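*Asks:* Input protein-v4.txt, format and content: compact mmCIF, C-alpha atoms.
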# COMPACT_ATOMS: atom_id res chain seq x y z
CA MET O 65 47.55 28.65 148.46
CA GLN O 66 44.49 27.40 146.60
CA GLY O 67 42.33 28.66 149.47
CA VAL O 68 44.08 32.03 149.33
CA GLY O 69 43.43 32.18 145.59
CA GLU O 70 39.73 31.41 145.97
CA LEU O 71 39.31 34.12 148.59
CA ALA O 72 41.18 36.59 146.38
CA ARG O 73 38.96 35.87 143.36
CA ALA O 74 35.84 36.52 145.41
CA ALA O 75 37.36 39.67 146.87
CA ALA O 76 38.35 40.89 143.39
CA ARG O 77 34.71 40.87 142.33
CA ALA O 78 33.81 42.98 145.36
CA MET O 79 36.67 45.39 144.80
CA ALA O 80 35.82 45.84 141.10
CA LYS O 81 32.44 47.29 142.04
CA ALA O 82 33.58 49.17 145.17
CA SER O 83 32.98 52.91 145.09
CA THR O 84 35.84 55.38 145.07
CA SER O 85 34.72 56.71 148.44
CA ASP O 86 34.80 53.24 150.02
CA LYS O 87 38.27 52.55 148.65
CA ASN O 88 39.50 55.91 149.90
CA ARG O 89 37.96 55.31 153.34
CA ALA O 90 39.78 51.98 153.55
CA LEU O 91 43.10 53.65 152.68
CA VAL O 92 42.65 56.48 155.16
CA ALA O 93 41.57 54.06 157.91
CA ALA O 94 44.58 51.83 157.19
CA ALA O 95 46.86 54.88 157.42
CA ALA O 96 45.40 55.72 160.83
CA ALA O 97 45.83 52.11 161.96
CA ILE O 98 49.50 52.19 160.96
CA GLU O 99 50.05 55.38 162.94
CA ASN O 100 48.16 54.05 165.95
CA ASN O 101 50.10 50.78 165.85
CA ALA O 102 53.51 52.29 165.08
CA ALA O 103 55.04 50.91 168.26
CA GLY O 104 53.88 47.38 167.44
CA ILE O 105 55.16 47.64 163.85
CA LEU O 106 58.58 48.84 165.06
CA ALA O 107 58.73 46.06 167.69
CA ALA O 108 57.95 43.45 165.02
CA ASN O 109 60.55 44.98 162.72
CA ALA O 110 63.17 44.87 165.50
CA LYS O 111 62.70 41.09 165.66
CA ASP O 112 63.23 40.80 161.90
CA VAL O 113 66.33 43.00 162.03
CA ALA O 114 67.82 41.01 164.92
CA ARG O 115 67.30 37.74 163.04
CA ALA O 116 68.84 39.22 159.89
CA ARG O 117 71.95 40.28 161.80
CA GLU O 118 72.22 36.86 163.45
CA ALA O 119 71.95 35.25 160.01
CA GLY O 120 74.93 37.32 158.83
CA HIS O 121 73.17 39.56 156.30
CA ASP O 122 75.26 42.55 155.23
CA ALA O 123 74.68 46.18 156.24
CA ALA O 124 72.89 47.09 153.00
CA PHE O 125 70.40 44.24 153.47
CA VAL O 126 69.75 45.24 157.09
CA ASP O 127 69.30 48.87 156.02
CA ARG O 128 66.61 47.88 153.48
CA LEU O 129 64.86 45.81 156.13
CA THR O 130 64.91 48.40 158.91
CA LEU O 131 61.90 50.58 159.67
CA THR O 132 62.06 53.80 161.69
CA GLU O 133 59.44 56.11 163.16
CA LYS O 134 59.95 58.32 160.11
CA SER O 135 59.48 55.47 157.62
CA VAL O 136 56.33 54.27 159.42
CA ARG O 137 54.90 57.79 159.19
CA ALA O 138 55.87 57.84 155.50
CA MET O 139 53.97 54.57 154.96
CA ALA O 140 50.83 56.10 156.44
CA GLN O 141 51.28 59.26 154.38
CA GLY O 142 51.74 57.15 151.27
CA LEU O 143 48.35 55.53 151.82
CA ARG O 144 46.73 58.95 152.15
CA GLU O 145 48.45 60.15 148.98
CA VAL O 146 47.11 57.17 147.03
CA ALA O 147 43.63 57.94 148.41
CA ALA O 148 43.97 61.45 146.98
CA LEU O 149 44.75 60.17 143.47
CA ALA O 150 42.09 60.07 140.78
CA ASP O 151 40.35 56.70 140.53
CA PRO O 152 40.96 55.22 137.05
CA VAL O 153 38.28 52.52 137.34
CA GLY O 154 35.22 53.16 135.17
CA GLU O 155 36.86 55.97 133.23
CA MET O 156 35.60 56.01 129.63
CA SER O 157 37.57 57.34 126.68
CA ASP O 158 37.62 57.55 122.87
CA LEU O 159 33.84 57.53 122.55
CA LYS O 160 32.90 57.87 118.88
CA TYR O 161 29.72 57.47 116.87
CA ARG O 162 29.84 54.94 114.03
CA PRO O 163 27.82 55.17 110.79
CA SER O 164 25.45 52.55 112.21
CA GLY O 165 24.50 54.94 115.02
CA ILE O 166 26.20 53.01 117.82
CA GLN O 167 28.67 54.81 120.06
CA VAL O 168 31.90 52.90 120.68
CA GLY O 169 34.57 53.57 123.29
CA LYS O 170 36.70 52.08 126.04
CA MET O 171 36.25 51.70 129.79
CA ARG O 172 39.10 51.23 132.28
CA VAL O 173 38.68 48.15 134.50
CA PRO O 174 40.75 46.37 137.19
CA LEU O 175 43.06 43.50 136.25
CA GLY O 176 41.56 41.27 138.98
CA VAL O 177 43.97 39.48 141.34
CA ILE O 178 47.56 40.69 141.51
CA GLY O 179 50.28 38.52 143.01
CA MET O 180 53.18 40.50 144.43
CA ILE O 181 56.45 38.72 145.23
CA TYR O 182 59.10 40.90 146.86
CA GLU O 183 62.13 40.76 149.08
CA SER O 184 63.28 42.58 152.17
CA ARG O 185 61.56 45.98 152.13
CA PRO O 186 58.51 45.90 154.47
CA ASN O 187 57.19 49.23 153.18
CA VAL O 188 56.37 47.47 149.88
CA THR O 189 53.55 45.69 151.75
CA ALA O 190 51.75 49.00 152.30
CA ASP O 191 52.68 50.52 148.92
CA ALA O 192 51.58 47.51 146.86
CA ALA O 193 48.36 47.01 148.79
CA ALA O 194 47.43 50.69 148.46
CA LEU O 195 47.86 50.76 144.68
CA CYS O 196 46.05 47.44 144.18
CA LEU O 197 43.18 48.53 146.43
CA LYS O 198 42.71 51.95 144.78
CA SER O 199 42.74 50.39 141.30
CA GLY O 200 39.97 47.97 142.30
CA ASN O 201 42.08 44.82 142.49
CA ALA O 202 42.61 42.16 145.10
CA CYS O 203 46.20 41.23 145.89
CA ILE O 204 48.20 38.33 147.29
CA LEU O 205 51.44 39.53 148.89
CA ARG O 206 54.40 37.25 149.38
CA GLY O 207 57.20 39.20 151.08
CA GLY O 208 60.60 37.89 151.98
CA SER O 209 60.80 35.54 154.95
CA GLU O 210 63.30 37.90 156.59
CA ALA O 211 60.56 40.57 156.92
CA LEU O 212 57.72 38.27 158.01
CA GLU O 213 57.02 39.86 161.42
CA SER O 214 57.06 43.37 159.97
CA ASN O 215 54.81 42.39 157.09
CA ARG O 216 52.31 40.73 159.44
CA ALA O 217 52.07 43.86 161.57
CA ILE O 218 51.57 46.12 158.54
CA HIS O 219 49.08 43.70 156.95
CA ALA O 220 46.97 43.71 160.12
CA CYS O 221 46.58 47.49 159.75
CA LEU O 222 45.58 47.15 156.10
CA ALA O 223 42.96 44.53 156.99
CA GLU O 224 41.63 46.83 159.71
CA GLY O 225 41.22 49.61 157.16
CA LEU O 226 39.35 47.39 154.71
CA ARG O 227 36.96 46.14 157.39
CA GLY O 228 36.35 49.70 158.55
CA ALA O 229 35.21 50.65 155.06
CA GLY O 230 32.98 47.59 154.71
CA LEU O 231 35.25 45.92 152.16
CA PRO O 232 36.48 42.31 152.40
CA ASP O 233 39.79 42.06 154.24
CA SER O 234 40.64 39.17 151.90
CA ALA O 235 41.22 41.83 149.24
CA VAL O 236 44.73 42.09 150.69
CA GLN O 237 46.15 38.73 151.75
CA LEU O 238 49.62 38.07 153.08
CA VAL O 239 51.18 34.67 152.45
CA ALA O 240 52.23 33.92 156.01
CA THR O 241 54.36 30.85 155.38
CA THR O 242 58.12 31.08 154.90
CA ASP O 243 58.06 27.94 152.74
CA ARG O 244 59.52 28.85 149.35
CA ALA O 245 57.17 26.35 147.73
CA ALA O 246 54.46 29.01 148.17
CA VAL O 247 56.19 31.13 145.52
CA GLY O 248 56.23 28.23 143.07
CA GLU O 249 52.55 27.63 143.73
CA MET O 250 51.69 31.28 143.05
CA LEU O 251 53.46 31.05 139.69
CA ARG O 252 51.15 28.16 138.73
CA MET O 253 47.87 29.76 139.85
CA LYS O 254 46.65 30.67 136.38
CA GLY O 255 42.93 31.34 136.57
CA MET O 256 43.21 32.59 140.15
CA ILE O 257 45.98 35.17 139.80
CA ASP O 258 45.81 37.48 136.77
CA VAL O 259 49.29 38.97 136.91
CA ILE O 260 52.48 38.51 138.96
CA ILE O 261 54.70 41.47 139.83
CA PRO O 262 58.16 40.67 141.23
CA ARG O 263 60.09 43.31 143.13
CA GLY O 264 63.62 42.41 144.10
CA GLY O 265 66.96 41.34 142.72
CA LYS O 266 67.65 39.98 139.26
CA SER O 267 67.77 36.36 140.45
CA LEU O 268 64.25 36.59 141.89
CA THR O 269 62.84 38.31 138.82
CA SER O 270 64.58 35.91 136.42
CA ARG O 271 63.21 32.88 138.24
CA ILE O 272 59.68 34.27 138.20
CA ALA O 273 59.86 35.22 134.51
CA GLU O 274 61.14 31.76 133.58
CA GLU O 275 58.78 29.67 135.71
CA SER O 276 55.52 31.61 135.83
CA ARG O 277 52.44 30.41 133.98
CA VAL O 278 50.81 33.69 134.96
CA PRO O 279 51.63 36.90 133.02
CA VAL O 280 54.46 38.88 134.65
CA ILE O 281 55.07 42.65 134.80
CA LYS O 282 58.78 43.10 135.40
CA HIS O 283 62.18 44.50 134.60
CA LEU O 284 65.40 42.53 134.95
CA ASP O 285 68.21 45.09 134.68
CA GLY O 286 68.54 48.83 134.94
CA ILE O 287 71.49 49.42 132.63
CA CYS O 288 70.77 53.11 132.14
CA HIS O 289 72.77 55.46 129.90
CA VAL O 290 73.45 59.16 129.64
CA TYR O 291 74.78 60.31 126.26
CA ILE O 292 76.52 63.70 126.17
CA ASP O 293 76.18 64.96 122.62
CA ASP O 294 78.73 67.34 121.08
CA ALA O 295 75.94 69.94 121.01
CA ALA O 296 75.42 69.66 124.77
CA ASP O 297 75.48 72.55 127.22
CA LEU O 298 78.56 71.67 129.27
CA ASP O 299 77.13 72.81 132.61
CA LYS O 300 73.98 70.76 132.07
CA ALA O 301 76.03 67.76 131.00
CA VAL O 302 78.21 67.81 134.12
CA ARG O 303 75.23 68.22 136.48
CA ILE O 304 73.27 65.43 134.84
CA ALA O 305 76.20 62.98 134.64
CA ASP O 306 76.91 63.63 138.32
CA ASN O 307 73.31 63.32 139.53
CA ALA O 308 72.41 60.32 137.37
CA LYS O 309 75.29 58.34 138.89
CA THR O 310 75.84 59.64 142.41
CA GLN O 311 72.49 60.88 143.78
CA ARG O 312 71.91 57.26 144.86
CA TYR O 313 73.82 54.19 143.76
CA SER O 314 71.39 51.33 144.38
CA PRO O 315 68.17 52.22 142.46
CA CYS O 316 67.49 50.68 139.07
CA ASN O 317 67.24 54.14 137.43
CA THR O 318 70.82 55.09 138.33
CA MET O 319 73.09 55.59 135.31
CA GLU O 320 75.58 52.77 134.80
CA THR O 321 77.20 53.88 131.51
CA LEU O 322 78.22 57.36 130.40
CA LEU O 323 78.63 57.90 126.66
CA VAL O 324 80.40 61.06 125.46
CA ALA O 325 80.72 62.37 121.92
CA GLU O 326 84.39 62.57 120.95
CA ALA O 327 84.09 66.22 119.85
CA ILE O 328 83.24 67.31 123.41
CA ALA O 329 85.02 64.58 125.37
CA ALA O 330 88.23 66.56 126.06
CA LYS O 331 86.16 69.31 127.71
CA ALA O 332 83.50 67.23 129.47
CA LEU O 333 85.34 64.19 130.77
CA PRO O 334 87.91 65.94 133.03
CA LEU O 335 85.12 67.92 134.73
CA ILE O 336 82.98 64.83 135.27
CA GLY O 337 85.93 62.60 136.15
CA ARG O 338 87.07 64.92 138.95
CA ILE O 339 83.60 64.80 140.48
CA TYR O 340 83.55 61.01 140.34
CA ALA O 341 87.03 60.82 141.83
CA THR O 342 86.02 63.15 144.68
CA LYS O 343 83.02 60.92 145.39
CA SER O 344 85.10 57.71 145.17
CA VAL O 345 83.30 56.43 142.08
CA GLU O 346 85.39 53.79 140.31
CA MET O 347 85.73 54.61 136.61
CA ARG O 348 86.00 51.83 134.03
CA ALA O 349 86.85 53.48 130.75
CA CYS O 350 87.50 52.85 127.08
CA ALA O 351 91.00 53.67 125.79
CA ALA O 352 90.04 57.14 124.55
CA THR O 353 88.38 58.03 127.84
CA ARG O 354 91.32 56.78 129.87
CA LYS O 355 93.77 58.83 127.81
CA ILE O 356 91.76 62.02 128.40
CA LEU O 357 91.26 61.42 132.12
CA GLU O 358 94.91 60.53 132.77
CA ALA O 359 96.05 63.59 130.82
CA ALA O 360 93.86 65.63 133.20
CA GLY O 361 95.76 64.21 136.17
CA LEU O 362 93.26 61.53 137.19
CA SER O 363 94.59 58.11 138.16
CA ASP O 364 93.28 54.65 139.07
CA ILE O 365 91.21 54.52 135.88
CA LYS O 366 90.45 50.91 134.97
CA ASP O 367 90.06 49.51 131.47
CA ALA O 368 86.42 48.80 130.62
CA THR O 369 85.65 45.33 129.32
CA ASP O 370 82.72 44.31 127.16
CA GLU O 371 81.18 42.73 130.27
CA ASP O 372 81.35 46.08 132.10
CA PHE O 373 79.01 47.63 129.56
CA HIS O 374 76.58 44.76 130.15
CA THR O 375 76.67 45.22 133.94
CA GLU O 376 74.18 46.85 136.31
CA TYR O 377 76.54 47.82 139.13
CA LEU O 378 74.13 49.29 141.71
CA ALA O 379 77.33 50.62 143.27
CA PRO O 380 79.79 53.55 142.97
CA ILE O 381 81.18 52.20 139.69
CA VAL O 382 80.61 53.69 136.23
CA SER O 383 81.50 52.58 132.70
CA ILE O 384 82.55 55.37 130.34
CA ARG O 385 82.91 55.29 126.56
CA VAL O 386 83.74 57.91 123.95
CA VAL O 387 81.62 57.52 120.82
CA ALA O 388 82.00 59.12 117.40
CA SER O 389 78.43 60.28 116.97
CA LEU O 390 74.77 60.07 117.93
CA ASP O 391 74.45 57.03 115.66
CA GLU O 392 77.17 55.21 117.58
CA ALA O 393 75.58 56.15 120.91
CA ILE O 394 72.20 54.78 119.82
CA ALA O 395 73.86 51.61 118.53
CA HIS O 396 75.69 51.14 121.86
CA ILE O 397 72.45 51.53 123.82
CA ALA O 398 70.68 49.05 121.53
CA GLU O 399 73.44 46.48 122.10
CA TYR O 400 74.11 46.92 125.81
CA GLY O 401 71.02 48.57 127.28
CA SER O 402 68.17 46.94 129.18
CA GLN O 403 65.33 49.13 127.79
CA HIS O 404 64.94 50.83 131.16
CA THR O 405 65.96 54.52 131.01
CA ASP O 406 68.29 56.44 128.71
CA SER O 407 68.97 60.18 128.42
CA ILE O 408 70.59 62.52 125.90
CA VAL O 409 72.16 65.86 126.81
CA THR O 410 72.03 68.16 123.78
CA GLU O 411 70.87 71.57 122.60
CA ASP O 412 70.22 70.23 119.09
CA HIS O 413 66.46 69.68 118.77
CA SER O 414 66.62 67.36 115.76
CA ARG O 415 69.17 65.09 117.46
CA ALA O 416 67.11 65.08 120.64
CA MET O 417 64.01 64.02 118.73
CA ARG O 418 65.97 61.30 116.91
CA PHE O 419 67.09 59.96 120.29
CA LEU O 420 63.47 59.93 121.52
CA ARG O 421 62.28 58.05 118.44
CA GLU O 422 65.12 55.59 118.00
CA VAL O 423 66.07 54.56 121.55
CA ASP O 424 63.75 51.68 122.43
CA SER O 425 63.52 52.05 126.21
CA SER O 426 60.61 52.40 128.61
CA SER O 427 61.77 55.92 129.54
CA VAL O 428 63.74 58.16 127.15
CA MET O 429 64.81 61.61 128.29
CA ILE O 430 66.24 64.87 126.97
CA ASN O 431 68.47 66.97 129.23
CA ALA O 432 67.39 65.24 132.45
CA SER O 433 68.84 62.78 134.94
CA THR O 434 67.80 59.15 134.63
CA ARG O 435 66.93 59.30 138.34
CA PHE O 436 63.60 60.87 137.36
CA ALA O 437 62.35 57.50 136.03
CA ASP O 438 60.06 56.97 138.98
CA GLY O 439 56.31 56.80 139.49
CA PHE O 440 56.23 59.65 142.02
CA GLU O 441 58.36 61.91 139.80
CA TYR O 442 56.12 61.10 136.81
CA GLY O 443 53.02 62.19 138.71
CA LEU O 444 51.65 58.68 139.29
CA GLY O 445 51.60 59.24 143.06
CA ALA O 446 53.45 55.98 143.60
CA GLU O 447 54.55 52.95 141.64
CA ILE O 448 54.26 49.23 142.15
CA GLY O 449 57.33 48.65 139.99
CA ILE O 450 58.92 49.41 136.64
CA SER O 451 58.26 47.40 133.50
CA THR O 452 60.64 47.07 130.57
CA ASP O 453 58.19 44.80 128.76
CA LYS O 454 56.13 46.17 125.89
CA LEU O 455 52.85 44.55 126.98
CA HIS O 456 50.78 45.51 128.91
CA ALA O 457 52.41 48.29 130.92
CA ARG O 458 55.77 49.97 130.25
CA GLY O 459 57.90 52.12 132.52
CA PRO O 460 56.80 53.05 136.05
CA VAL O 461 53.57 51.18 136.84
CA GLY O 462 50.98 53.13 138.82
CA LEU O 463 47.21 52.92 139.11
CA GLU O 464 46.56 52.97 135.38
CA GLY O 465 49.10 50.17 134.85
CA LEU O 466 47.09 48.01 137.26
CA THR O 467 44.02 48.31 135.05
CA SER O 468 43.07 47.26 131.56
CA GLN O 469 40.47 48.50 129.10
CA LYS O 470 37.40 46.90 127.62
CA TRP O 471 35.33 48.04 124.69
CA VAL O 472 31.90 49.49 125.51
CA VAL O 473 29.09 50.11 123.05
CA PHE O 474 26.05 52.39 123.49
CA GLY O 475 23.14 51.70 121.22
CA ASP O 476 19.49 52.56 120.81
CA GLY O 477 18.08 49.44 119.22
CA GLN O 478 20.52 49.20 116.31
CA ILE O 479 20.91 45.86 114.58
CA ARG O 480 23.57 44.89 112.08
CA GLU O 481 22.32 44.64 108.50
Take the structure I supplied and represent it as structure tokens, if you would.

*Replies:*
Amino acid sequence: MQGVGELARAAARAMAKASTSDKNRALVAAAAAIENNAAGILAANAKDVARAREAGHDAAFVDRLTLTEKSVRAMAQGLREVAALADPVGEMSDLKYRPSGIQVGKMRVPLGVIGMIYESRPNVTADAAALCLKSGNACILRGGSEALESNRAIHACLAEGLRGAGLPDSAVQLVATTDRAAVGEMLRMKGMIDVIIPRGGKSLTSRIAEESRVPVIKHLDGICHVYIDDAADLDKAVRIADNAKTQRYSPCNTMETLLVAEAIAAKALPLIGRIYATKSVEMRACAATRKILEAAGLSDIKDATDEDFHTEYLAPIVSIRVVASLDEAIAHIAEYGSQHTDSIVTEDHSRAMRFLREVDSSSVMINASTRFADGFEYGLGAEIGISTDKLHARGPVGLEGLTSQKWVVFGDGQIRE
């Protein structure tokens, strides 16, 4: 791992000065290599999938691990889309003249070496490498051992693209060992790795956050809320509450708790509850919610516990609570939320703006589904992850989040008196 780190540091210096055209050529060449080697990538993935089934992994795990012809094409297209994004490196902003005559501003620069630790999704290998490469960084990728063959095949295509553009293939290194000690070593490589980004379950992220001596960009939970205000448009509220929960159950931006103002609850909850019941979503409700839903003919409503409101289900389960007011909704989110994504449904502008100001989450929305909290949907092209930290990046992390800024000064012989 020390050797990997030394190679990455040298490659980071080369990548920091690489031209936009060279980086784009590497991405496009890597995309072509993935398409040309699709059969080999799928064959490698089949070995990983077979081993996962033999090891007794569940269907959801196998589904995350499995690549198809379509997903391989999507990987290649993703590389081309990152190539088409604006290059943030070298961008200068906030240039201002000072009374002394100097001009002061900021320049965007790469972070350096990024360590990526992730679990079973092989496509992350291509996505992470593409974003690191375009933002002028080197990266060290440590995927899950269950995806090793797939990751090796994809990494070979990325290395081919870098060499084709005249860039060091050590700019994207894959930790090839399945020894878990390699992860522990990465977390201690301060001075060689500038930032660690975990992508996986809460247990992985928690371990990395607790043990790492290297700064970490991360989120732990996605306990996302939708609050239906008593000034909400009912049609909008029903559509958003449905989509935020049921469009997909497993992503971290899926709503886990629905809050409904008591003045609109008798109208909104039966409409939403019937949709959830039709889609086999288990409802865990406060007493007021349960009373309304059962009066509307809905059954099998479970009592919500305090622990339910602290839980990221990632499943067809939703917690529901009736609240007295916007103040109570904001207080609930402050107590139970994870600072990921929270949305208000309302036609009252002043309440909407209060929600924006007072809810301390990385994404705060008005009249929109929490499922939009995503780098692609935000126009970042792609994301390497989502951060609920306040330093240095927050929310979906794209190219700009993989850079920092330094002060730059333009002078013409000025000296300080």

*Asks:* I want to know what sits within 9 Å of region 319-329 of chain O, based on all atoms listed in the file, with residues of the same chain fewer than 6 positions away left out; could you give that as a VMD selection string?

*Replies:* chain O and resid 286 to 296 298 305 307 to 310 313 352 to 353 356 372 to 373 375 to 379 381 to 390 393 396 405 to 406 433 to 435

*Asks:* I need the residues from that last selection saved to file as a short mmCIF file (atom, residue, chain, number, x, y, z; two decimals), in the frame of the given file (with C-alpha atoms), if you can.

*Replies:*
data_model
loop_
_atom_site.label_atom_id
_atom_site.label_comp_id
_atom_site.auth_asym_id
_atom_site.auth_seq_id
_atom_site.Cartn_x
_atom_site.Cartn_y
_atom_site.Cartn_z
CA GLY O 286 68.54 48.83 134.94
CA ILE O 287 71.49 49.42 132.63
CA CYS O 288 70.77 53.11 132.14
CA HIS O 289 72.77 55.46 129.90
CA VAL O 290 73.45 59.16 129.64
CA TYR O 291 74.78 60.31 126.26
CA ILE O 292 76.52 63.70 126.17
CA ASP O 293 76.18 64.96 122.62
CA ASP O 294 78.73 67.34 121.08
CA ALA O 295 75.94 69.94 121.01
CA ALA O 296 75.42 69.66 124.77
CA LEU O 298 78.56 71.67 129.27
CA ALA O 305 76.20 62.98 134.64
CA ASN O 307 73.31 63.32 139.53
CA ALA O 308 72.41 60.32 137.37
CA LYS O 309 75.29 58.34 138.89
CA THR O 310 75.84 59.64 142.41
CA TYR O 313 73.82 54.19 143.76
CA ALA O 352 90.04 57.14 124.55
CA THR O 353 88.38 58.03 127.84
CA ILE O 356 91.76 62.02 128.40
CA ASP O 372 81.35 46.08 132.10
CA PHE O 373 79.01 47.63 129.56
CA THR O 375 76.67 45.22 133.94
CA GLU O 376 74.18 46.85 136.31
CA TYR O 377 76.54 47.82 139.13
CA LEU O 378 74.13 49.29 141.71
CA ALA O 379 77.33 50.62 143.27
CA ILE O 381 81.18 52.20 139.69
CA VAL O 382 80.61 53.69 136.23
CA SER O 383 81.50 52.58 132.70
CA ILE O 384 82.55 55.37 130.34
CA ARG O 385 82.91 55.29 126.56
CA VAL O 386 83.74 57.91 123.95
CA VAL O 387 81.62 57.52 120.82
CA ALA O 388 82.00 59.12 117.40
CA SER O 389 78.43 60.28 116.97
CA LEU O 390 74.77 60.07 117.93
CA ALA O 393 75.58 56.15 120.91
CA HIS O 396 75.69 51.14 121.86
CA THR O 405 65.96 54.52 131.01
CA ASP O 406 68.29 56.44 128.71
CA SER O 433 68.84 62.78 134.94
CA THR O 434 67.80 59.15 134.63
CA ARG O 435 66.93 59.30 138.34
#

*Asks:* Give one line per residue of region 274-383 of chain O that approaches region 169-183 of chain O to at most 12 Å, naming the two atoms of the closest pair and their distance in Å to one decimal, counting all atoms listed in the file; sort by chain then ascending residue number and deliver it as CSV.

*Replies:*
residue,atom,partner,partner_atom,distance
O:Ser276,CA,O:Gly179,CA,11.3
O:Val278,CA,O:Gly179,CA,9.4
O:Pro279,CA,O:Ile178,CA,10.1
O:Val280,CA,O:Gly179,CA,9.4
O:Ile281,CA,O:Met180,CA,10.0
O:Lys282,CA,O:Met180,CA,10.9

*Asks:* Hey, what's within 10 Å of Glu275 (chain O) if we count only C-alpha atoms and toss same-chain stuff fewer than 5 positions away? As a short mmCIF file (atom, residue, chain, number, x, y, z; two decimals) with C-alpha atoms, in the frame of the given file, please?

*Replies:*
data_model
loop_
_atom_site.label_atom_id
_atom_site.label_comp_id
_atom_site.auth_asym_id
_atom_site.auth_seq_id
_atom_site.Cartn_x
_atom_site.Cartn_y
_atom_site.Cartn_z
CA GLY O 248 56.23 28.23 143.07
CA LEU O 251 53.46 31.05 139.69
CA ARG O 252 51.15 28.16 138.73
CA SER O 270 64.58 35.91 136.42
#

*Asks:* Taking only C-alpha atoms into account, which of O:Val126, O:Leu284, O:Ile204, O:Ala341 comes nearest Val259 (chain O)?

*Replies:*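 Of O:Val126, O:Leu284, O:Ile204, O:Ala341, the one nearest Val259 (chain O), counting only C-alpha atoms, is O:Ile204.
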
*Asks:* Rounded to one decimal place, report the CA of Lys366 (chain O)-CA of Arg354 (chain O) distance in Å.

*Replies:*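 Interatomic distance, CA of Lys366 (chain O) to CA of Arg354 (chain O): 7.8 Å.
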
*Asks:* Quick one: of O:Ser184, O:Leu91, O:Ala148, O:Met156, who's nearest to Ala223 (chain O), counting all atoms listed in the file?

*Replies:*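 Once distances to Ala223 (chain O) are computed over all atoms listed in the file, the minimum belongs to O:Leu91.
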
*Asks:* Do you know which residues are at most 9 Å from region 211-222 of chain O counting only C-alpha atoms, after dropping those on the same chain fewer than 6 positions away, and could you put them as a PyMOL selection string?

*Replies:* chain O and resi 90-91+93-98+101+104-113+116+129+131+183-190+193-194+233+236-238+240-242

*Asks:* Counting all atoms listed in the file, find residues at most 12 Å from (86.8, 64.8, 136.8) (file frame) and give them as a VMD selection string.

*Replies:* chain O and resid 302 305 to 306 329 to 347 353 to 354 356 to 363 365

*Asks:* Taking (64.7, 60.5, 121.8) in the file's own coordinates, collect the residues within 10 Å, counting all atoms listed in the file, and hand them back as a VMD selection string.

*Replies:* chain O and resid 394 406 to 408 413 to 425 427 to 430

*Asks:* Which residues are close to Gly462 (chain O), i.e. within 7 Å by all atoms listed in the file, leaving aside same-chain residues fewer than 3 positions away? Reply as a ChimeraX atom specification.

*Replies:* /O:439,444,446-448,465-466

*Asks:* Find the residues around Asp285 (chain O) up to 10 Å (all atoms listed in the file counted), leave out those fewer than 4 positions away in its own chain, and share them as an MDAnalysis selection string.

*Replies:* chainID O and resid 265:266 269 316:317 374:377 401:404 452
